[in-house]
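Here's the structure, in structure tokens; my notes come after.
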Amino acid sequence: GATVARDLIARPSLETPRRKTEAKVALQVGFDFGTHSTKIVVRRRGERLGSAICVGGSVEGYPGFVAPSLVRVSQDVLWFGGAALNRSDGTLYRLLKLELLKLEPSPVAATTDFLVTAYFSWILAGVRDYIGKRYGLDNAKLFLNVAAPMDHYEDVRVKQRYLKILRTAWEGVFGDDQKLVAQGMTKATFTTWFANNDLAVPDATVRPYDVLPETIAPIVSLSQDARMTAGMYMLVDMGAGTTELSINHVSVPGGDQNVLCYFDRSVLLGAERFQSCENPRQLTTELLKHIWQTWCRGYDKDARNVAARQRWKSLRILLVGGGTCRTDVYDAIVREQHAVCSRFPGEGHCEILRHGPADLDFGLVQVSPEDVSLASVANGLAFPRMKWPRFYEPEQVRVVPETPTRGGQDPWYMDR
């Protein structure tokens, strides 16, 4: 496999805040709340270069542009990110994102919502501080996209839970009566500030924030990268808790195009499971099965079309996320006899690359190509929706009937 190298871009000088009489600066914020870390990208609308910002400052053991997705509660005092990691007292909550996916009402669920709301509020307070210093709060108009572990067939319950938490955090930080969450705040103070959290979430047509499927964002990031040539792309985004996979056809790079997403899925398989598993090879086998099936589910829609299926002979697998940096995961993907090669013996070609956004400024932080890929979701979310490629979701890509079968069984490529 090959890794796409990234050249660091010089940090632009901070802009002098504009006078109130000038038009407001429209800013798109991409918010990727991961199991292990949170990534934020801010992009001024109409510009390609985005800025990766780190709320709370760099933390040892983490890339310099991310914030640990951690909350610590000690004697009813809240600590976030690096401060939560560096303390040893109280209780440290590590897997809040995974807890959000457990949708049954319970005391644990109520605690999770409380802690995630507090964490989101702390992150957004950091974003507010960054924008105030760079542009001036009165001169900026913000739009926020947050990713949730869903595929294109959005899970309404997951989305609504995220939206309720996000509404509370947004109103507290950017509403008329600002309540800026900071390190060392007491739970009692936070509870008092956000006691009225049962307000309805505004309609999507009027709210300046939204929750979008996590499988979409890296596709947007990919489509905006002018270095990418047309063809079939498999995105494998493994984080600490979940893996998002999608098989797509990109027509022309640069955003003004069609992207056919043939199939996508979000699965509960991440690096955290590898850490606690006695047999990691079993997990790599599970991952390879998901990759195989994702390709096959997509190919099934073109299998009977002689012209359309020619595009499937070549595949680029783009690795995204920290989980794919594990040696055992990377080596398993590289060694695998992927479905494209099995379906087109002697003609199939598969290339393994690592996707990292090209148009990002990391400031003074030195970032490796592997770490740059961690910003892919936030980068995609930091492009406004009107600049996204024309997106054809899996249900809009027609299935060609009567796929060849073997001996009356399922198609050969669905055996796994």
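By convention in this document, the chains of the structure tokens carry letters A, B, ... by their order, each chain's residues are numbered from 1, and ligands are numbered from 1 in the order they are shown.
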Could you give me, as an MDAnalysis selection string, the residues within 8 Å of range 269-282 of chain A, counting only C-alpha atoms and dropping anything in the same chain fewer than 2 positions from it?
-> chainID A and resid 238:243 267 284:287 322:323
Could you give me, as a list in words, the residues within 6 Å of range 114-128 of chain A, counting only C-alpha atoms and dropping anything in the same chain fewer than 5 positions from it?
->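 Answer for this query is Val55, Ile165, Ala169, Val173, Leu180 and Val181 of chain A.
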Please produce a file of those selected residues containing N, CA and C atoms, as a compact mmCIF listing (two decimals), in the first residue's frame.
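Writing done, so here's selection-v7.txt:
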# COMPACT_ATOMS: atom_id res chain seq x y z
N VAL A 55 -9.16 22.88 20.99
CA VAL A 55 -9.74 23.48 22.19
C VAL A 55 -9.02 22.91 23.41
N ILE A 165 -28.96 17.46 22.63
CA ILE A 165 -27.73 17.84 23.34
C ILE A 165 -27.10 19.07 22.68
N ALA A 169 -26.31 22.94 24.20
CA ALA A 169 -24.96 23.50 24.21
C ALA A 169 -24.88 24.77 23.36
N VAL A 173 -23.96 28.72 24.64
CA VAL A 173 -22.73 29.39 24.23
C VAL A 173 -23.00 30.56 23.29
N LEU A 180 -20.88 30.25 29.50
CA LEU A 180 -19.64 29.67 28.99
C LEU A 180 -19.06 28.67 29.97
N VAL A 181 -19.10 27.41 29.60
CA VAL A 181 -18.59 26.33 30.44
C VAL A 181 -17.07 26.35 30.43
Range 347-390 of chain A: residues DSSP assigns to helix (DSSP H, G or I), reported as a ChimeraX atom specification = /A:369-381,385-387
Can I get the selection written as a compact mmCIF listing (two decimals), in the first residue's frame, with N, CA, C and O atoms?
# COMPACT_ATOMS: atom_id res chain seq x y z
N PRO A 369 1.33 12.37 8.16
CA PRO A 369 0.26 11.98 7.24
C PRO A 369 -0.81 11.12 7.91
O PRO A 369 -2.00 11.25 7.61
N GLU A 370 -0.39 10.25 8.83
CA GLU A 370 -1.36 9.41 9.54
C GLU A 370 -2.29 10.27 10.40
O GLU A 370 -3.50 10.04 10.44
N ASP A 371 -1.73 11.28 11.07
CA ASP A 371 -2.55 12.14 11.92
C ASP A 371 -3.48 13.04 11.11
O ASP A 371 -4.60 13.34 11.54
N VAL A 372 -3.03 13.47 9.92
CA VAL A 372 -3.87 14.33 9.09
C VAL A 372 -5.19 13.64 8.75
O VAL A 372 -6.25 14.27 8.68
N SER A 373 -5.14 12.32 8.58
CA SER A 373 -6.37 11.60 8.22
C SER A 373 -7.42 11.69 9.30
O SER A 373 -8.61 11.53 9.04
N LEU A 374 -7.00 11.98 10.55
CA LEU A 374 -7.97 12.11 11.64
C LEU A 374 -8.90 13.31 11.43
O LEU A 374 -9.98 13.36 12.01
N ALA A 375 -8.47 14.26 10.61
CA ALA A 375 -9.26 15.47 10.40
C ALA A 375 -10.25 15.34 9.24
O ALA A 375 -10.95 16.31 8.93
N SER A 376 -10.33 14.19 8.61
CA SER A 376 -11.14 14.06 7.39
C SER A 376 -12.62 14.32 7.64
O SER A 376 -13.29 14.98 6.84
N VAL A 377 -13.16 13.78 8.72
CA VAL A 377 -14.59 13.97 9.00
C VAL A 377 -14.88 15.44 9.29
O VAL A 377 -15.80 16.03 8.71
N ALA A 378 -14.10 16.05 10.18
CA ALA A 378 -14.32 17.46 10.51
C ALA A 378 -14.13 18.34 9.29
O ALA A 378 -14.85 19.32 9.09
N ASN A 379 -13.16 17.99 8.43
CA ASN A 379 -12.92 18.77 7.22
C ASN A 379 -14.13 18.72 6.28
O ASN A 379 -14.55 19.75 5.75
N GLY A 380 -14.69 17.55 6.08
CA GLY A 380 -15.87 17.44 5.22
C GLY A 380 -17.04 18.22 5.78
O GLY A 380 -17.78 18.88 5.04
N LEU A 381 -17.21 18.18 7.11
CA LEU A 381 -18.31 18.91 7.73
C LEU A 381 -18.13 20.42 7.66
O LEU A 381 -19.10 21.17 7.80
N ARG A 385 -23.22 22.95 3.02
CA ARG A 385 -23.96 21.94 2.27
C ARG A 385 -24.14 22.31 0.80
O ARG A 385 -24.14 21.44 -0.07
N MET A 386 -24.28 23.61 0.50
CA MET A 386 -24.48 23.99 -0.89
C MET A 386 -23.22 23.78 -1.74
O MET A 386 -23.29 23.82 -2.96
N LYS A 387 -22.09 23.56 -1.09
CA LYS A 387 -20.84 23.30 -1.81
C LYS A 387 -20.52 21.82 -1.90
O LYS A 387 -19.53 21.42 -2.48
Counting only C-alpha atoms, figure out which residue out of A:Met232, A:Leu92, A:Leu49, A:Ala67 gets nearest to Ala358 in chain A.
->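 The answer is A:Leu49, which sits nearest to Ala358 in chain A.
The interatomic distance for the pair CA of Gly298 in chain A and CA of Leu353 in chain A works out to 20.1 Å.
By only C-alpha atoms, and with residues fewer than 6 positions from range 78-88 of chain A along its chain excluded, the set lying at most 6 Å from it is Val59, Ala67, Pro68, Ser69, Leu70, Val71, Arg72, Gln183, Gly184, Met185 and Thr186 of chain A.
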Give me every strand (DSSP E) residue in range 177-288 of chain A, going by DSSP on the backbone, as an MDAnalysis selection string.
-> chainID A and resid 185:186 209:213 231:238 243:250 258:267
List the neighbours of Gln75 in chain A out to 8 Å using only C-alpha atoms; skip same-chain residues closer than 2 positions along the sequence, and give me the result as a ChimeraX atom specification.
-> /A:73,77,90
Could you write out the selected residues, including all heavy atoms, as a PDB file, in the first residue's frame?
ATOM      1  N   VAL A  73     -15.250  13.750  36.625  1.00  0.00           N
ATOM      2  CA  VAL A  73     -16.047  14.336  37.700  1.00  0.00           C
ATOM      3  C   VAL A  73     -15.356  14.032  39.018  1.00  0.00           C
ATOM      4  O   VAL A  73     -15.169  12.859  39.368  1.00  0.00           O
ATOM      5  CB  VAL A  73     -17.486  13.796  37.706  1.00  0.00           C
ATOM      6  CG1 VAL A  73     -18.291  14.452  38.829  1.00  0.00           C
ATOM      7  CG2 VAL A  73     -18.164  14.036  36.363  1.00  0.00           C
ATOM      8  N   VAL A  77     -17.070  18.387  40.610  1.00  0.00           N
ATOM      9  CA  VAL A  77     -16.439  19.381  39.748  1.00  0.00           C
ATOM     10  C   VAL A  77     -16.125  18.731  38.414  1.00  0.00           C
ATOM     11  O   VAL A  77     -15.690  17.578  38.347  1.00  0.00           O
ATOM     12  CB  VAL A  77     -15.149  19.941  40.395  1.00  0.00           C
ATOM     13  CG1 VAL A  77     -14.413  20.857  39.421  1.00  0.00           C
ATOM     14  CG2 VAL A  77     -15.487  20.691  41.677  1.00  0.00           C
ATOM     15  N   GLY A  90     -11.380  11.380  41.383  1.00  0.00           N
ATOM     16  CA  GLY A  90     -12.733  11.254  40.873  1.00  0.00           C
ATOM     17  C   GLY A  90     -12.912  10.137  39.860  1.00  0.00           C
ATOM     18  O   GLY A  90     -12.180   9.148  39.840  1.00  0.00           O
TER      19      GLY A  90
END
